[in-house]
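Source file: coords.csv (CSV, C-alpha atoms and all ligand atoms)
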chain,number,residue,atom,x,y,z
A,1,MET,CA,0.0,0.0,0.0
A,2,PRO,CA,1.3,3.5,-0.7
A,3,GLY,CA,1.9,5.8,2.2
A,4,PRO,CA,-0.9,7.7,3.8
A,5,ASP,CA,-2.4,9.9,1.1
A,6,VAL,CA,1.1,10.8,-0.1
A,7,ALA,CA,-0.2,11.9,-3.5
A,8,ASN,CA,-2.1,14.7,-1.8
A,9,SER,CA,0.6,15.8,0.6
A,10,TRP,CA,2.3,19.2,0.1
A,11,PRO,CA,5.2,19.8,0.0
A,12,PRO,CA,5.8,16.5,-1.7
A,13,PRO,CA,7.9,13.8,-0.1
A,14,VAL,CA,11.2,14.5,-1.9
A,15,LYS,CA,14.4,12.5,-1.5
A,16,ARG,CA,16.6,15.1,-3.3
A,17,ILE,CA,16.4,17.9,-5.8
A,18,LEU,CA,17.9,16.8,-9.1
A,19,LEU,CA,17.5,20.0,-11.0
A,20,THR,CA,16.8,23.4,-9.5
A,21,ALA,CA,14.4,25.9,-11.1
A,22,ASP,CA,17.4,28.1,-12.1
A,23,GLN,CA,19.2,25.2,-13.7
A,24,ILE,CA,16.1,24.3,-15.7
A,25,GLN,CA,15.4,27.8,-16.9
A,26,GLU,CA,19.0,28.3,-18.0
A,27,ARG,CA,19.0,25.0,-20.0
A,28,VAL,CA,15.6,25.7,-21.5
A,29,SER,CA,16.8,29.1,-22.8
A,30,GLN,CA,19.9,27.3,-24.3
A,31,LEU,CA,17.7,24.8,-26.0
A,32,ALA,CA,15.5,27.5,-27.4
A,33,ALA,CA,18.6,29.4,-28.8
A,34,GLN,CA,19.7,26.2,-30.5
A,35,LEU,CA,16.2,25.7,-32.0
A,36,GLN,CA,16.1,29.3,-33.2
A,37,ARG,CA,19.5,28.9,-34.9
A,38,ASP,CA,18.6,25.5,-36.5
A,39,TYR,CA,15.1,26.7,-37.7
A,40,ALA,CA,16.1,30.2,-38.8
A,41,GLY,CA,13.9,31.2,-41.8
A,42,ARG,CA,11.4,28.4,-41.2
A,43,ARG,CA,8.3,28.1,-39.1
A,44,PRO,CA,8.4,24.8,-37.2
A,45,LEU,CA,5.4,23.0,-35.8
A,46,LEU,CA,6.0,22.1,-32.2
A,47,VAL,CA,4.1,19.0,-31.2
A,48,ALA,CA,3.9,18.6,-27.4
A,49,VAL,CA,3.0,15.3,-25.8
A,50,LEU,CA,0.4,15.8,-23.2
A,51,ARG,CA,0.3,16.0,-20.3
A,52,GLY,CA,3.8,16.2,-18.9
A,53,SER,CA,5.4,18.4,-21.6
A,54,VAL,CA,3.2,21.4,-21.2
A,55,VAL,CA,5.4,23.1,-18.6
A,56,PHE,CA,8.5,22.7,-20.7
A,57,LEU,CA,6.7,23.7,-23.8
A,58,SER,CA,5.3,26.9,-22.3
A,59,ASP,CA,8.7,28.0,-21.0
A,60,LEU,CA,10.5,27.0,-24.2
A,61,ILE,CA,8.3,28.9,-26.6
A,62,ARG,CA,8.6,32.1,-24.7
A,63,HIS,CA,12.3,32.1,-25.5
A,64,LEU,CA,11.7,31.6,-29.2
A,65,ASN,CA,11.8,34.9,-31.0
A,66,MET,CA,10.5,33.4,-34.3
A,67,PRO,CA,7.2,32.1,-35.8
A,68,VAL,CA,6.1,28.7,-34.5
A,69,CYS,CA,2.9,26.8,-34.5
A,70,LEU,CA,1.7,24.4,-31.7
A,71,ASP,CA,-0.2,21.2,-31.7
A,72,PHE,CA,-0.7,18.5,-29.1
A,73,VAL,CA,-1.1,14.7,-28.8
A,74,GLN,CA,-1.8,12.5,-25.9
A,75,LEU,CA,-0.6,9.0,-26.0
A,76,ALA,CA,-0.6,6.0,-23.6
A,77,SER,CA,2.1,3.4,-23.9
A,78,TYR,CA,1.8,-0.1,-22.6
A,79,GLY,CA,5.0,-2.2,-22.4
A,80,ASP,CA,5.1,-5.3,-24.7
A,81,SER,CA,8.4,-7.1,-25.0
A,82,THR,CA,7.2,-8.8,-28.2
A,83,CYS,CA,6.9,-5.6,-30.2
A,84,SER,CA,9.5,-2.9,-30.6
A,85,SER,CA,7.2,0.0,-29.9
A,86,GLY,CA,4.8,-1.9,-27.6
A,87,GLN,CA,1.2,-0.9,-27.7
A,88,VAL,CA,0.6,2.8,-27.9
A,89,GLU,CA,-2.9,4.2,-27.7
A,90,VAL,CA,-3.8,7.6,-29.1
A,91,LEU,CA,-5.9,9.4,-26.5
A,92,LYS,CA,-5.9,12.7,-28.3
A,93,ASP,CA,-4.8,13.1,-31.9
A,94,LEU,CA,-3.2,16.1,-33.6
A,95,GLY,CA,-5.5,18.8,-34.9
A,96,THR,CA,-3.2,19.8,-37.7
A,97,ASP,CA,-2.3,18.3,-41.1
A,98,ILE,CA,1.4,17.9,-40.7
A,99,ALA,CA,2.2,17.0,-44.3
A,100,GLY,CA,5.2,19.1,-45.5
A,101,GLN,CA,5.8,20.6,-42.1
A,102,ASP,CA,9.0,20.8,-40.0
A,103,VAL,CA,7.9,19.1,-36.8
A,104,VAL,CA,9.7,19.3,-33.5
A,105,VAL,CA,8.3,16.9,-30.9
A,106,VAL,CA,8.5,18.3,-27.4
A,107,GLU,CA,8.7,15.8,-24.6
A,108,ASP,CA,9.3,16.1,-20.9
A,109,ILE,CA,11.0,12.8,-20.5
A,110,VAL,CA,12.1,9.8,-22.6
A,111,ASP,CA,12.1,6.6,-20.7
A,112,THR,CA,11.7,3.3,-22.6
A,113,GLY,CA,11.4,5.3,-25.8
A,114,ARG,CA,8.2,3.5,-26.8
A,115,THR,CA,6.0,6.6,-26.9
A,116,LEU,CA,8.5,8.5,-28.9
A,117,ALA,CA,9.3,5.7,-31.3
A,118,TYR,CA,5.6,5.4,-32.1
A,119,LEU,CA,5.1,9.1,-32.5
A,120,VAL,CA,8.1,9.8,-34.7
A,121,GLU,CA,7.1,6.9,-37.0
A,122,GLU,CA,3.5,8.2,-37.2
A,123,LEU,CA,4.6,11.8,-37.9
A,124,GLU,CA,6.8,10.5,-40.7
A,125,ARG,CA,4.1,8.3,-42.1
A,126,ARG,CA,1.8,11.4,-42.3
A,127,GLY,CA,4.3,13.2,-44.5
A,128,ALA,CA,6.2,15.6,-42.2
A,129,ALA,CA,9.0,17.3,-44.1
A,130,SER,CA,11.2,16.7,-41.1
A,131,VAL,CA,10.8,15.3,-37.5
A,132,LYS,CA,13.2,16.3,-34.7
A,133,VAL,CA,12.9,15.6,-31.0
A,134,CYS,CA,13.4,18.0,-28.1
A,135,ALA,CA,13.3,16.4,-24.7
A,136,LEU,CA,13.9,18.1,-21.4
A,137,LEU,CA,14.9,14.9,-19.6
A,138,ASP,CA,16.5,11.7,-20.9
A,139,LYS,CA,16.6,8.5,-18.8
A,140,PRO,CA,18.9,6.4,-21.1
A,141,SER,CA,19.3,3.6,-18.5
A,142,ARG,CA,15.6,2.7,-19.1
A,143,ARG,CA,15.7,2.6,-22.9
A,144,GLU,CA,14.1,-0.4,-24.6
A,145,VAL,CA,13.6,1.1,-28.1
A,146,PRO,CA,16.3,3.1,-29.8
A,147,VAL,CA,15.2,6.7,-30.5
A,148,ARG,CA,17.1,9.7,-31.8
A,149,LEU,CA,17.0,12.8,-29.5
A,150,ASP,CA,18.1,15.9,-31.3
A,151,TYR,CA,17.9,18.3,-28.3
A,152,VAL,CA,18.2,17.1,-24.7
A,153,GLY,CA,18.1,19.2,-21.6
A,154,PHE,CA,19.5,16.8,-19.0
A,155,GLU,CA,20.2,13.1,-18.4
A,156,VAL,CA,18.5,11.8,-15.2
A,157,PRO,CA,19.2,8.6,-13.3
A,158,ASP,CA,16.8,5.7,-13.1
A,159,CYS,CA,14.7,7.0,-10.2
A,160,PHE,CA,11.1,8.3,-9.8
A,161,VAL,CA,11.2,11.9,-10.9
A,162,VAL,CA,8.5,14.5,-10.3
A,163,GLY,CA,8.1,18.2,-11.0
A,164,TYR,CA,8.3,20.5,-14.0
A,165,GLY,CA,5.5,18.6,-15.7
A,166,LEU,CA,6.2,15.2,-14.3
A,167,ASP,CA,3.7,13.7,-12.0
A,168,PHE,CA,3.1,11.1,-9.3
A,169,ALA,CA,-0.5,9.9,-9.4
A,170,GLY,CA,-1.4,13.2,-11.2
A,171,GLN,CA,0.2,15.4,-8.6
A,172,TYR,CA,3.4,17.6,-8.4
A,173,ARG,CA,3.5,18.6,-12.1
A,174,ASN,CA,3.5,22.3,-10.9
A,175,LEU,CA,6.8,22.1,-9.0
A,176,PRO,CA,9.3,24.5,-10.6
A,177,TYR,CA,12.1,22.0,-10.0
A,178,VAL,CA,12.7,18.3,-10.8
A,179,ALA,CA,13.1,16.1,-7.8
A,180,GLU,CA,13.5,12.4,-6.9
A,181,LEU,CA,10.4,11.3,-5.1
A,182,SER,CA,11.0,9.7,-1.7
A,183,PRO,CA,10.3,5.9,-1.8
A,184,GLN,CA,7.8,6.4,1.1
A,185,ALA,CA,5.5,7.7,-1.6
A,186,TYR,CA,5.2,4.5,-3.5
A,187,ALA,CA,6.9,1.7,-1.5
A,188,PRO,CA,5.0,-0.5,1.0
A,189,GLN,CA,5.0,1.0,4.5
A,190,GLU,CA,6.3,-1.0,7.5
A,191,GLU,CA,3.8,-1.2,10.3
A,201,LIG,C1,5.5,10.1,-20.0
A,201,LIG,C2,6.3,11.1,-20.7
A,201,LIG,C3,6.4,10.5,-22.1
A,201,LIG,C4,6.4,9.0,-21.8
A,201,LIG,C5,7.8,8.5,-21.9
A,201,LIG,O1,4.1,10.3,-20.2
A,201,LIG,O2,5.6,12.3,-20.8
A,201,LIG,O3,5.3,10.8,-22.9
A,201,LIG,O4,5.9,8.8,-20.5
A,201,LIG,O5,7.8,7.1,-21.5
A,201,LIG,P1,8.4,6.0,-22.5
A,201,LIG,O6,9.7,6.5,-23.1
A,201,LIG,O7,8.6,4.8,-21.6
A,201,LIG,O8,7.4,5.8,-23.6
A,201,LIG,P2,3.0,9.6,-19.3
A,201,LIG,O9,2.5,8.4,-20.0
A,201,LIG,O10,3.5,9.4,-17.9
A,201,LIG,O11,1.8,10.6,-19.4
A,201,LIG,P3,1.7,12.1,-18.8
A,201,LIG,O12,2.7,13.0,-19.5
A,201,LIG,O13,0.3,12.5,-19.0
A,201,LIG,O14,2.1,12.0,-17.3
Rendering of file as C-alpha cells:
Amino acid sequence: MPGPDVANSWPPPVKRILLTADQIQERVSQLAAQLQRDYAGRRPLLVAVLRGSVVFLSDLIRHLNMPVCLDFVQLASYGDSTCSSGQVEVLKDLGTDIAGQDVVVVEDIVDTGRTLAYLVEELERRGAASVKVCALLDKPSRREVPVRLDYVGFEVPDCFVVGYGLDFAGQYRNLPYVAELSPQAYAPQEE
C-alpha cells in the first residue's frame, strides 16, 4: 500500500532535488537558442506530448523569437516485449495536417522510448518534411527502443522523478524544479 495519502501531501515527499528551477530555466533558454538557430527562416510546428510536456513547452516557446505553431497529442504506452514500440494508444490526436511541415516533438522525459518511437514513425508516415525531438529529460538507462534525441536538456538517473510537468498519481506537475520522489510515496510502508 502507498503511504498515507502521499499523492495529496504538500510539499511532496522528496528525497533530493535533481534540477533546480534556475538550472532548468538556463538550460531551456539554451535549447531555445539552439532551435532558433537551426530553424532560422522556417516556421516549425511544435508537437507537445500531453500532459507532462506542457510546462517545458510553455517555457521553451517564450524564449523563441521566431514564428512557431503548436499542436498536441496525448498517448498512452503499454509495455510489450514482443513488439519494438509496444502498444501505444492515441488518447488525443493532432488537430493539424502535418504534411510538409518541419515538426519538433516536445517531450518532458524519454524513458523506454516506446511513446516517442511510435510518435516519430507516425509523424513521418503522415508526411512531415522533417521530424526532430526536443526532450527536457532523458533517462537512457531505461531505454528499450532506440530513439534519436536531437535536443536534450538533461540526463537523469533511473529513479522516480517529479516536478516541472512530471507527476506522481497526477500530482506535483506544478513544481518549478525536478526532484527524486521519496520511496515512502510508493513503497510499502512498514507497520
Ligand atoms: C510520460 C512522458 C512520455 C512517456 C515516456 O508520459 O511524458 O510521454 O511517459 O515514456 P516512454 O519513453 O517509456 O514511452 P505519461 O505516459 O506518464 O503521461 P503524462 O505525460 O500525462 O504524465
Hey, could you make a per-residue contact list for chain A against ligand LIG 201 (chain A) with 9 Å as the cut-off, showing the nearest pair of atoms and its distance in Å to one decimal, counting only C-alpha atoms and all ligand atoms, sorted by chain and number, as CSV?
residue,atom,partner,partner_atom,distance
A:Val49,CA,A:LIG201,O3,5.8
A:Leu50,CA,A:LIG201,O12,5.2
A:Arg51,CA,A:LIG201,O13,3.7
A:Gly52,CA,A:LIG201,O12,3.4
A:Ser53,CA,A:LIG201,O2,6.2
A:Val54,CA,A:LIG201,O12,8.6
A:Gln74,CA,A:LIG201,O13,7.2
A:Leu75,CA,A:LIG201,O9,6.8
A:Ala76,CA,A:LIG201,O9,5.3
A:Ser77,CA,A:LIG201,O8,5.8
A:Tyr78,CA,A:LIG201,O8,8.2
A:Gly79,CA,A:LIG201,O7,7.9
A:Ser85,CA,A:LIG201,O8,8.6
A:Val88,CA,A:LIG201,O8,8.6
A:Glu107,CA,A:LIG201,O2,6.0
A:Asp108,CA,A:LIG201,O2,5.3
A:Ile109,CA,A:LIG201,C2,5.0
A:Val110,CA,A:LIG201,O6,4.1
A:Asp111,CA,A:LIG201,O6,3.4
A:Thr112,CA,A:LIG201,O7,3.6
A:Gly113,CA,A:LIG201,O6,3.4
A:Arg114,CA,A:LIG201,O8,4.0
A:Thr115,CA,A:LIG201,O8,3.7
A:Leu116,CA,A:LIG201,O8,6.0
A:Ala117,CA,A:LIG201,O8,7.9
A:Tyr118,CA,A:LIG201,O8,8.7
A:Asp138,CA,A:LIG201,O6,8.8
A:Lys139,CA,A:LIG201,O6,8.4
A:Arg142,CA,A:LIG201,O7,7.7
A:Arg143,CA,A:LIG201,O6,7.2
A:Glu144,CA,A:LIG201,O7,8.1
A:Val145,CA,A:LIG201,O6,8.3
A:Gly165,CA,A:LIG201,O12,7.3
A:Leu166,CA,A:LIG201,O14,6.0
A:Asp167,CA,A:LIG201,O14,5.8
A:Phe168,CA,A:LIG201,O14,8.1
A:Ala169,CA,A:LIG201,O14,8.6
A:Gly170,CA,A:LIG201,O14,7.1
A:Arg173,CA,A:LIG201,O14,8.5
Looking at all atoms listed in the file, which of A:Ala32, A:Ile17, A:Phe154, A:Arg62 is the one that sits closest to Pro140 in chain A?
-> A:Phe154
For CA of Gly41 in chain A and CA of Val68 in chain A, quote the distance in Å rounded to one decimal.
-> 11.0 Å
Counting all atoms listed in the file, which residues come within 10 Å of (19.7, 15.7, -31.9), with the point read in the file's coordinates, and could you list them as an MDAnalysis selection string?
-> chainID A and resid 132:135 148:152
Have a look at A:Leu94, A:Val131, A:Leu31, A:Val14 and name the one nearest to Phe160 in chain A; count only C-alpha atoms.
->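 Smallest distance to Phe160 in chain A is found for A:Val14.
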Could you please determine the separation between CA of Tyr172 in chain A and CA of Val73 in chain A in Å, to one decimal place?
->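 Taking CA of Tyr172 in chain A as the start and CA of Val73 in chain A as the end point, the length is 21.1 Å.
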Can you tell me how far CA of Gln25 in chain A sits from CA of Asp38 in chain A, in Å to one decimal?
-> 20.0 Å
Near Tyr177 in chain A, within 6 Å and counting all atoms listed in the file, which residues show up once chain neighbours fewer than 5 positions away are dropped, as a list in words?
->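 Near neighbours after the sequence-gap exclusion: Leu19, Thr20, Ala21, Gly163 and Tyr164 of chain A.
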Which one is closest to Ala185 in chain A: A:Ile24, A:Ala99, A:Leu18, A:Val162? Count only C-alpha atoms.
-> A:Val162
